[in-house]
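Only one structure is covered here, and it is reproduced in the block below.
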Amino acid sequence: MGSLQRQLNVLRWSWRRRVEVIPPPAVYTRTLCSRTQDPADPIEVHKRKLELWFSHLPQEEKQFGGYFIPETMHVDPLILEREPAEKRRPLTQRSLLQGPPSPAWTMEQLFEPVADWGGARGLNVMLYGAVGTGKTTVVRKLVLDWCSGAALTQFKLLVPFSCEDLSQLTRACSLRDLVGRKYLHLRKIPLLSGEGDQAKEILFLFNGMEKMKLNFRIANTELCSDPSEALSSEAIVVNLLRKYLLPEASILVTTRLSAVESIPQKYVGRYAQICGFDSAERQSAYFTSRLLQQQPNTGAAQPNREALIELLYLNLQRESRLARACFLPAYCWLTCATLHFLHFTDAQAPIRTLTGIYTSFLRLNFGGEVLGAGAGARADGSVQEQHGSLMLYVVRTVGKLAFDGVTNKRTSFSERELEQWVGGKTKTDEELRQLAVFRTDVLDFFLVPCPVKQGAEDDERRYLFAVPAMQEYLAALYVVLGENKSALEKLTQQVSVAIGQVNEEVGSVVAVLSKFIPLRIFAVFNLLQLFPKLYERVTSLSKGRIARTLASEMFRTEDSFNEDVLDQVEQGLLGLHGPQPEQQDERQPFELYPIFMGGLLHYDNRVLLQQLGCSIKSTTVSQITRALRKYLVRELNKPQPPEELMDLLVLLYEFQNPRLTAEILSTIRTIRLCNVRMTSLKCLVLSSVLSCCPASYRLEELNLSSCYLTNDLLEILWPAFRHTHNLNLQFNSLGPESCILLRDLLLEPKSDIRSLQLCDNPLQEAGVRSLLEALPQDQSLRHLSLMHTGLGDAGACQLASILHQHSRLQELNVAYNNIGDSAALTLVDACREHPNLQTVHLYLNPLSNVGKQSLYVRGVPSDHGGTGRRVQVLASVTEGSDLSESWHPILSVITENASTWDRKRVREQLQVFLRDLEWGRQQQHSWWKRMHFRKVEKGVRQVLQMMDKDAAPKH
C-alpha cells in the first residue's frame, strides 16, 4: 500500500493508547424542561423558533455527511478576561501556546457580577476577537444552550440581533417594535415594558458590532428611556449600552479587534477576548468530533479515521505550520473539510472540488464583511457608499503578495515586503484607517511569523501563509480577477467605461470634441466605436495571457517529478513521517496555482465569489476557456509523466466544464497513471472527467498498474473502464470479489475491453472462476493476462474447458501460477484448437523438462489433421534446443518484479533457465548461435546478481 496507508497501520496501535489524552467533545442533551409548560407561552415559542433558526447549518457543513448532531461537534475555544487597560494588547499564538496569562473563562462565568459595576444595572459584556477565532460559533452555541436550558438559566429571555441587519434598517422604530419586528411572538411580552425590574431577566445579544456606526455623544444620539419611543436602530443600541433604556437588562456584544474602542470603556462591565484553540489537545478534540462522525448503523473505515486523527495529532505536536494555522478554529474547519474531501469521497454525493472548499471557507469567514470608513464617519448617510468588500481588499493586498511569491517561487516574506505589497502607497486618511483596520483584524488570519533561522544574515522577521495552499489560491484569484492588469489595459477599461456612461449623450460628446477635432475625422475613424473595440481587443489578449500562464504553470518541466497535487495537499496536513530531507529548498513548486485558476472559473465558485464582492464575468471565462483549450492541447502532444497527467485530470475536474473536458480528452488516446497512489478521490476525478466524453469515445490504453487499487476503488472507476480498449490493472490489491465486478464489466454492452491485464493480483482460483464466467458472452477481449494471480491447476483446467466459447482471444498469459505439467498440456491443447489464439505464456510454472518439451511439440501443428495453426508456447527462455523468440520479454518481466515476488521461487526458476541454456548451447554447432546463448545466460546471471544485491543486509 501507499505511504499513508503504511503510516495508518503503524500508528493505529498508538491511537488506542493516546485517545484518552484528547478530551472527547462534550455531548449536549437538549431536554427542554419548560416544554411541559403552556406551548402558547411566548417565551416557549421563542425558544422553539430560536432553536430551529440557530440549528440550521450552512451549506458548507453538509460536506461532512449531514448526519451529525451539531452539539457533538462543538469544542469551546479559549476565552480570557482582559482588563480594560490591556484590552487592545495583542496576544500572540506563541505566548498562548506556552500558557495563557490568566485562567480561561466560560460563557456562564462572563455574566458573574462585577465588583465596580452597579448591582441594579445589567452587565454589559464585550466579547471580541480577530477573524476566524470562533465568535459566531460561540454565539450560536450559546443561544442553543439557552434554548435547551443548559446555560444562562438566570435569563428568562434571550434576544439575539445581527448588527448587520440592524445597520440596514432605515425607518425609526421603538425597542418593542424592533423586537416584535424580528420576533413577532415577543411583540407584547411584559418583560420589555420597562416597568419595575423585569428587564433584569433579559439578555440582549448584538453580534458583529463593527457593522454598526455608534455615536455616544449626546448631541448626536439623544437620551431615551421609553421602550415604546421610536428611534433609529443605532440610537436604540446606544441607549441600551448607556443603561438609560432598560438599565436592568444585560447585554453581550461581539466584535472584531479593531472595533473594541467603538463603545466607550465606561459602558462595558467586562472585556473578554476569544483566542481560538491554544493547545494541540483542543485542536485534536475538534478533529475528533468532526472526522469520527459516521453514518448510523455503519462502522466503515472507523480504524482508518482514528489513525488519520493520530497523524494529525502528531503533526500538531511538532509545532508545525499546521499547528500555527489551527490556532484559529476557522483553519481547523478548513483542515477537516480538506481531509474529508481527500479521504472520504463519496461517489454518490454532490460534486465537491478543492477550489470550492477554499472558496466556501472564505465565504464562511468573510461573507458580508466590509472594510468600512471606521469611527468618525459622516452622519449624512454616505458611509454606506464608502463601504468596500473586505475580500476584494484581501485580494488586492494579500493576493498581490501571494502572486509575487508564486512568481518568484518563495513562501516567506519580510516585513519590508509586507509593507510594500499590503501597505502600498497610501495617501488619504481614509486609506490609512482602512489599512489599520485590516492589519488589526485580518492580516494575522492569513500570515503567521516563521521562526528565525539560526545563523541567518539578518534578524528581520519573516512571515508565511498559515496554510501553504492559501498562497496559491489567493495568487490565482488575483490573476483571474484581472488585478494584475497592465497600464494599457487599465486605461482602455477606463475609456470604455467612460464612453459607456455617456452613450446616451452622444450629441453632447460630439459637440465638445468637435471644438478640438474636425467632424470629418469622426466620419473616417468613428472614434465612439474605436475605443470599445480597442478595449475588447486588449482584454481578449489579457485573457489569452491568463490561459497561457495557466497552461505553462501546469506543465513546468522542473515540477515534473514531484508527487501529484493531491498527495502534496495531504502531506501538508498530515506532515512527513520518517527521515526528513537534510536541506529543503525554499523555492518550492506551486502546482496548485494553475489548478485553482481553473477551478475559480467554475460557475458555482463564481457565484460564491460574487457574494464576497469579487466578480468574474462570464465573458472573461469564455475568453480564457477558448484560449486555454488551444494551449492545453498543444502541451498534451508532448509525453507527460503520470503525476503531471494526474494533475491535468484534477484541473479538468476542478474546472467542471464538460465541453472543454471532452474537447481536450478527444486529443488523448492514452492515460498512463502507473505508480500513482490512487485514492477514492483520484478515482472519482478520473471517472468524472472521462464521463464528460461521448459514449463512443475510447482510450487506446488506461494504465493503472501499481496504483494500490482495491475492490472499493474499482467500483468508483467503473465509468472510466467503459471508455477504454486496453485496461492495465496489474500489480494492485484486487481480490476474488474484484473479479465479480470485472466480469460484469466484460458483460456490459457499452464496454469494449480488448486487453485486460491482471498480473500480480491475488485473484485466487475463486476469483478467476468468476471472471471466466464472462468469456462465453464477451466477444471483445483479445488479450488476457492472469500472471501470478493464484490460478493453479484447477483454474487452468477450467480455463481450458471454457476457452473454445470465446473465439476472439489471441493471447493468454498464465505465467507464475503454480501450474503443473498435466494442466499445462490440457491448456495448450485447448489453445491449439482455438481458432485465433496465437500465444500462451507458461513460464515460471513448476514444469518438468519433459513437460516443457511436450508443450513445444503440442504447440506445433501436426502434418495431417488439426487446424494446421501454430500456437507459440512461452515456457522458458529456450524452446527445446533453440532460444525462445520471447526470451527478452520474459527476462524483462522477471527483472521488473523480482523484488516483489517470492525470491526463492524466482531464483529456482532462473537456475532452471541457466540449465536449459547450457544444454541448448551444447547442442549447437554454429559458433554464432553459441554466442547468442551466452548472451542470454549473461542476462539471467545479471538478474540473479541483482536479487543477491537487493537481499544483502544493508549496514
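A note on labels: chains of the C-alpha cells are A, B, ... as shown, every chain counts residues from 1, and ligands are counted from 1 in their shown order.
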
Notebook entry, point to check: If you run DSSP on this backbone, which residues of stretch 672-880 of chain A come out as helix (DSSP H, G or I), and could you give them as an MDAnalysis selection string?
Noted result: chainID A and resid 680:691 711:721 736:747 764:772 792:805 821:833 849:859

Check: Do you know which residues are at most 6 Å from stretch 208-211 of chain A counting only C-alpha atoms, after dropping those on the same chain fewer than 3 positions away, and could you put them as a PyMOL selection string?
Finding: chain A and resi 163-164+254-255+259

Next item on the list: Quick one: everything within 6 Å of A:Leu390, counting only C-alpha atoms, minus sequence neighbours fewer than 3 positions away in the same chain. Send it as a list of chain:residue names.
Entry: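 Residues meeting the cut-off are A:Glu369, A:Val370, A:Leu371, A:Tyr393.
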
Go ahead and write the selection's residues with N, CA, C and O atoms as a short mmCIF file (atom, residue, chain, number, x, y, z; two decimals), in the first residue's frame.
```cif
data_model
loop_
_atom_site.label_atom_id
_atom_site.label_comp_id
_atom_site.auth_asym_id
_atom_site.auth_seq_id
_atom_site.Cartn_x
_atom_site.Cartn_y
_atom_site.Cartn_z
N GLU A 369 -18.66 40.77 4.97
CA GLU A 369 -17.73 41.64 5.68
C GLU A 369 -17.30 42.78 4.76
O GLU A 369 -16.97 42.57 3.59
N VAL A 370 -17.31 43.98 5.32
CA VAL A 370 -16.90 45.16 4.56
C VAL A 370 -15.80 45.88 5.33
O VAL A 370 -15.69 45.75 6.55
N LEU A 371 -15.01 46.60 4.60
CA LEU A 371 -13.98 47.43 5.21
C LEU A 371 -14.51 48.85 5.21
O LEU A 371 -14.36 49.59 4.24
N TYR A 393 -10.50 43.63 -0.87
CA TYR A 393 -9.32 44.29 -0.31
C TYR A 393 -8.23 43.25 -0.02
O TYR A 393 -7.03 43.51 -0.22
#
```

Notebook entry, point to check: Which of these, A:Leu418, A:Val268, A:Ile357, A:Leu464, has the shortest distance to A:Asp604 once you count only C-alpha atoms?
Noted result: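 Smallest distance to A:Asp604 is found for A:Ile357.
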
Notebook entry, point to check: When you draw a straight line from atom CA of A:Arg921 to atom CA of A:Leu883, how long is it in Å?
Noted result: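 Interatomic distance here is 9.1 Å.
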
Check: From the set A:Lys935, A:His788, A:Arg743, A:Lys266, which residue has the shortest atom-to-atom contact distance to A:Asp760, counting only C-alpha atoms?
Finding: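 Between A:Lys935, A:His788, A:Arg743, A:Lys266, the residue approaching A:Asp760 most closely is A:His788.
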
Note to self: Measuring between only C-alpha atoms, which one of A:Lys49, A:Arg672, A:Lys750, A:Arg782 shows the shortest distance to A:Pro641?
What the structure shows: A:Arg672

Can you pull out every residue within 12 Å of A:Asn675, counting only C-alpha atoms, but drop anything in the same chain fewer than 6 positions away, and send it as a JSON list (two decimals) with C-alpha atoms, in the first residue's frame?
```json
[["chain", "number", "residue", "atom", "x", "y", "z"],
["A", 1, "MET", "CA", 0.00, 0.00, 0.00],
["A", 2, "GLY", "CA", 0.98, 3.66, -0.18],
["A", 563, "GLU", "CA", 4.16, 13.99, -6.36],
["A", 564, "ASP", "CA", 0.75, 14.87, -7.71],
["A", 641, "PRO", "CA", 4.83, 11.88, -16.52],
["A", 642, "PRO", "CA", 2.00, 10.08, -14.69],
["A", 643, "GLU", "CA", 1.96, 12.66, -11.88],
["A", 646, "MET", "CA", -2.97, 13.21, -12.81],
["A", 703, "ASN", "CA", -2.76, 2.08, -17.39],
["A", 704, "LEU", "CA", -3.47, 1.82, -13.65],
["A", 705, "SER", "CA", -0.70, -0.57, -12.73],
["A", 706, "SER", "CA", 0.84, -0.30, -9.25],
["A", 707, "CYS", "CA", -1.82, 2.19, -8.14],
["A", 708, "TYR", "CA", -2.88, 0.46, -4.89],
["A", 709, "LEU", "CA", -6.33, -0.29, -6.25],
["A", 729, "LEU", "CA", -4.72, -3.29, -13.65],
["A", 730, "GLN", "CA", -1.60, -5.27, -12.81],
["A", 731, "PHE", "CA", 0.33, -5.05, -9.53],
["A", 732, "ASN", "CA", -2.61, -3.96, -7.38]]
```

Margin query: If we count only C-alpha atoms and set the cut-off at 10 Å, which residues sit around A:Gln838, ignoring sequence neighbours fewer than 5 positions away in its own chain? Please answer as an MDAnalysis selection string.
Written below: chainID A and resid 809:812 831:832 859 869:873

Shell of 10 Å around A:Phe413, only C-alpha atoms, local chain residues under 4 positions omitted, as a tab-separated table (two decimals) with all heavy atoms, in the first residue's frame:
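Result saved to around.tsv:
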```tsv
chain	number	residue	atom	x	y	z
A	401	LEU	N	0.61	40.04	-2.73
A	401	LEU	CA	1.80	39.46	-2.08
A	401	LEU	C	1.94	37.99	-2.46
A	401	LEU	O	3.05	37.52	-2.76
A	401	LEU	CB	1.66	39.61	-0.56
A	401	LEU	CG	2.76	38.99	0.30
A	401	LEU	CD1	4.04	39.82	0.20
A	401	LEU	CD2	2.31	38.89	1.75
A	402	ALA	N	0.83	37.24	-2.44
A	402	ALA	CA	0.87	35.83	-2.79
A	402	ALA	C	1.31	35.64	-4.23
A	402	ALA	O	2.10	34.74	-4.55
A	402	ALA	CB	-0.50	35.21	-2.57
A	404	ASP	N	3.22	37.61	-6.01
A	404	ASP	CA	4.66	37.88	-6.09
A	404	ASP	C	5.45	36.67	-5.61
A	404	ASP	O	6.47	36.32	-6.20
A	404	ASP	CB	5.00	39.11	-5.25
A	404	ASP	CG	6.48	39.42	-5.27
A	404	ASP	OD1	6.99	39.87	-6.32
A	404	ASP	OD2	7.14	39.21	-4.22
A	405	GLY	N	4.97	36.01	-4.53
A	405	GLY	CA	5.67	34.83	-4.04
A	405	GLY	C	5.62	33.68	-5.01
A	405	GLY	O	6.61	32.98	-5.23
A	417	GLU	N	8.58	43.61	2.60
A	417	GLU	CA	7.70	43.18	1.52
A	417	GLU	C	6.24	43.30	1.92
A	417	GLU	O	5.39	43.65	1.09
A	417	GLU	CB	8.03	41.73	1.15
A	417	GLU	CG	9.36	41.59	0.43
A	417	GLU	CD	9.80	40.14	0.30
A	417	GLU	OE1	9.50	39.33	1.20
A	417	GLU	OE2	10.45	39.83	-0.70
A	418	LEU	N	5.93	43.04	3.19
A	418	LEU	CA	4.57	43.24	3.66
A	418	LEU	C	4.16	44.71	3.52
A	418	LEU	O	3.05	45.03	3.10
A	418	LEU	CB	4.42	42.79	5.11
A	418	LEU	CG	4.43	41.29	5.39
A	418	LEU	CD1	4.18	41.03	6.86
A	418	LEU	CD2	3.38	40.59	4.56
A	447	LEU	N	-1.39	35.40	7.47
A	447	LEU	CA	0.07	35.32	7.61
A	447	LEU	C	0.45	35.09	9.06
A	447	LEU	O	-0.12	35.70	9.96
A	447	LEU	CB	0.72	36.59	7.08
A	447	LEU	CG	0.53	36.87	5.57
A	447	LEU	CD1	0.96	38.27	5.24
A	447	LEU	CD2	1.32	35.86	4.75
A	449	PRO	N	4.07	34.58	11.66
A	449	PRO	CA	5.53	34.71	11.66
A	449	PRO	C	6.20	33.35	11.66
A	449	PRO	O	5.72	32.40	12.29
A	449	PRO	CB	5.81	35.48	12.96
A	449	PRO	CG	4.62	35.22	13.82
A	449	PRO	CD	3.45	35.04	12.91
A	450	CYS	N	7.29	33.23	10.93
A	450	CYS	CA	8.04	31.98	10.92
A	450	CYS	C	9.27	32.15	11.79
A	450	CYS	O	9.82	33.25	11.93
A	450	CYS	CB	8.43	31.59	9.50
A	450	CYS	SG	9.39	32.81	8.60
A	461	ARG	N	12.28	39.70	10.89
A	461	ARG	CA	11.23	38.69	10.99
A	461	ARG	C	10.60	38.48	9.63
A	461	ARG	O	10.37	39.41	8.88
A	461	ARG	CB	10.18	39.12	12.01
A	461	ARG	CG	8.94	38.24	12.03
A	461	ARG	CD	8.12	38.43	13.27
A	461	ARG	NE	8.81	37.90	14.44
A	461	ARG	CZ	8.25	37.82	15.66
A	461	ARG	NH1	7.02	38.24	15.84
A	461	ARG	NH2	8.94	37.34	16.67
A	462	ARG	N	10.32	37.21	9.34
A	462	ARG	CA	9.68	36.84	8.08
A	462	ARG	C	8.34	36.20	8.37
A	462	ARG	O	8.10	35.67	9.45
A	462	ARG	CB	10.57	35.90	7.27
A	462	ARG	CG	11.95	36.50	6.95
A	462	ARG	CD	12.70	35.62	5.98
A	462	ARG	NE	12.11	35.61	4.66
A	462	ARG	CZ	12.31	36.53	3.72
A	462	ARG	NH1	13.11	37.56	3.96
A	462	ARG	NH2	11.74	36.42	2.55
A	463	TYR	N	7.48	36.26	7.37
A	463	TYR	CA	6.12	35.76	7.52
A	463	TYR	C	5.82	34.80	6.38
A	463	TYR	O	6.37	34.90	5.29
A	463	TYR	CB	5.11	36.92	7.49
A	463	TYR	CG	5.27	37.88	8.64
A	463	TYR	CD1	6.22	38.91	8.59
A	463	TYR	CD2	4.48	37.76	9.79
A	463	TYR	CE1	6.37	39.78	9.65
A	463	TYR	CE2	4.63	38.63	10.84
A	463	TYR	CZ	5.57	39.64	10.77
A	463	TYR	OH	5.72	40.51	11.83
A	464	LEU	N	4.94	33.87	6.66
A	464	LEU	CA	4.48	32.93	5.65
A	464	LEU	C	2.99	32.69	5.82
A	464	LEU	O	2.41	33.00	6.85
A	464	LEU	CB	5.27	31.62	5.68
A	464	LEU	CG	5.59	30.97	7.05
A	464	LEU	CD1	4.39	30.27	7.64
A	464	LEU	CD2	6.74	30.00	6.91
A	465	PHE	N	2.37	32.12	4.81
A	465	PHE	CA	0.95	31.85	4.86
A	465	PHE	C	0.67	30.71	5.82
A	465	PHE	O	1.39	29.70	5.83
A	465	PHE	CB	0.41	31.53	3.47
A	465	PHE	CG	0.19	32.75	2.62
A	465	PHE	CD1	1.25	33.33	1.92
A	465	PHE	CD2	-1.06	33.34	2.54
A	465	PHE	CE1	1.05	34.46	1.15
A	465	PHE	CE2	-1.27	34.48	1.77
A	465	PHE	CZ	-0.21	35.04	1.08
```

Checklist line | Computed interatomic separation between atom CA of A:His888 and atom CA of A:Glu937 (Å) | finding: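 It comes out at 11.3 Å.
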
Output as a Markdown table one row per residue of stretch 305-367 of chain A within 9 Å of stretch 652-664 of chain A: the closest atom pair and its distance in Å to one decimal place, counting only C-alpha atoms, sorted by chain and residue number ascending.
```
| residue | atom | partner | partner_atom | distance |
| --- | --- | --- | --- | --- |
| A:Arg352 | CA | A:Glu654 | CA | 8.6 |
| A:Thr353 | CA | A:Glu654 | CA | 5.7 |
| A:Leu354 | CA | A:Glu654 | CA | 7.2 |
| A:Thr355 | CA | A:Glu654 | CA | 6.8 |
| A:Gly356 | CA | A:Glu654 | CA | 8.3 |
```

Check: A:Ser228: which residues within 10 Å, counting only C-alpha atoms, same-chain residues fewer than 6 positions away excluded, as a list in words?
Finding: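 Answer for this query is Cys173, Ser174, Leu175, Arg176, Asp177, Leu178, Leu192, Ser193 and Gly194 of chain A.
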
Checklist line | Distance criterion (only C-alpha atoms): nearest to A:Asp647 out of A:Ser225, A:Thr407, A:Gln420, A:Asn562 | finding: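 Result for the nearest residue to A:Asp647: A:Asn562.
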
Check: Out of A:Leu481, A:Ile894, A:Leu184, A:Leu57, which residue has the shortest atom-to-atom distance to A:Ile43 when counting only C-alpha atoms?
Finding: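 Closest candidate: A:Leu184.
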
Check: Could you work out how far atom CA of A:Val422 lies from atom CA of A:Gly399, giving the answer in Å with one decimal?
Finding: 9.0 Å

Next item on the list: Write down as a VMD selection string the residues of stretch 167-403 of chain A whose backbone DSSP state falls under strand (DSSP E).
Entry: chain A and resid 202 to 207 250 to 255 270 to 276 370 to 371 388 to 389

Please save C-alpha atoms of the selected residues as a PDB file, in the first residue's frame.
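File produced: part.pdb:
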```pdb
ATOM      1  CA  ILE A 202     -33.400  39.799  29.691  1.00  0.00           C
ATOM      2  CA  LEU A 203     -30.139  39.273  27.826  1.00  0.00           C
ATOM      3  CA  PHE A 204     -29.662  41.200  24.578  1.00  0.00           C
ATOM      4  CA  LEU A 205     -27.072  39.774  22.196  1.00  0.00           C
ATOM      5  CA  PHE A 206     -25.612  42.009  19.475  1.00  0.00           C
ATOM      6  CA  ASN A 207     -23.396  40.029  17.121  1.00  0.00           C
ATOM      7  CA  SER A 250     -27.737  42.511  30.411  1.00  0.00           C
ATOM      8  CA  ILE A 251     -26.026  42.832  27.050  1.00  0.00           C
ATOM      9  CA  LEU A 252     -23.493  40.682  25.207  1.00  0.00           C
ATOM     10  CA  VAL A 253     -21.659  42.378  22.330  1.00  0.00           C
ATOM     11  CA  THR A 254     -19.354  40.559  19.921  1.00  0.00           C
ATOM     12  CA  THR A 255     -16.996  42.465  17.673  1.00  0.00           C
ATOM     13  CA  ARG A 270     -16.262  43.117  31.331  1.00  0.00           C
ATOM     14  CA  TYR A 271     -13.969  42.570  28.388  1.00  0.00           C
ATOM     15  CA  ALA A 272     -13.343  39.026  27.183  1.00  0.00           C
ATOM     16  CA  GLN A 273     -11.136  38.021  24.283  1.00  0.00           C
ATOM     17  CA  ILE A 274     -11.795  34.857  22.328  1.00  0.00           C
ATOM     18  CA  CYS A 275      -8.411  33.409  21.407  1.00  0.00           C
ATOM     19  CA  GLY A 276      -9.090  30.240  19.425  1.00  0.00           C
ATOM     20  CA  VAL A 370     -16.896  45.158   4.561  1.00  0.00           C
ATOM     21  CA  LEU A 371     -13.977  47.431   5.209  1.00  0.00           C
ATOM     22  CA  GLY A 388     -15.950  48.142   0.202  1.00  0.00           C
ATOM     23  CA  SER A 389     -15.735  44.366   0.092  1.00  0.00           C
TER      24      SER A 389
END
```
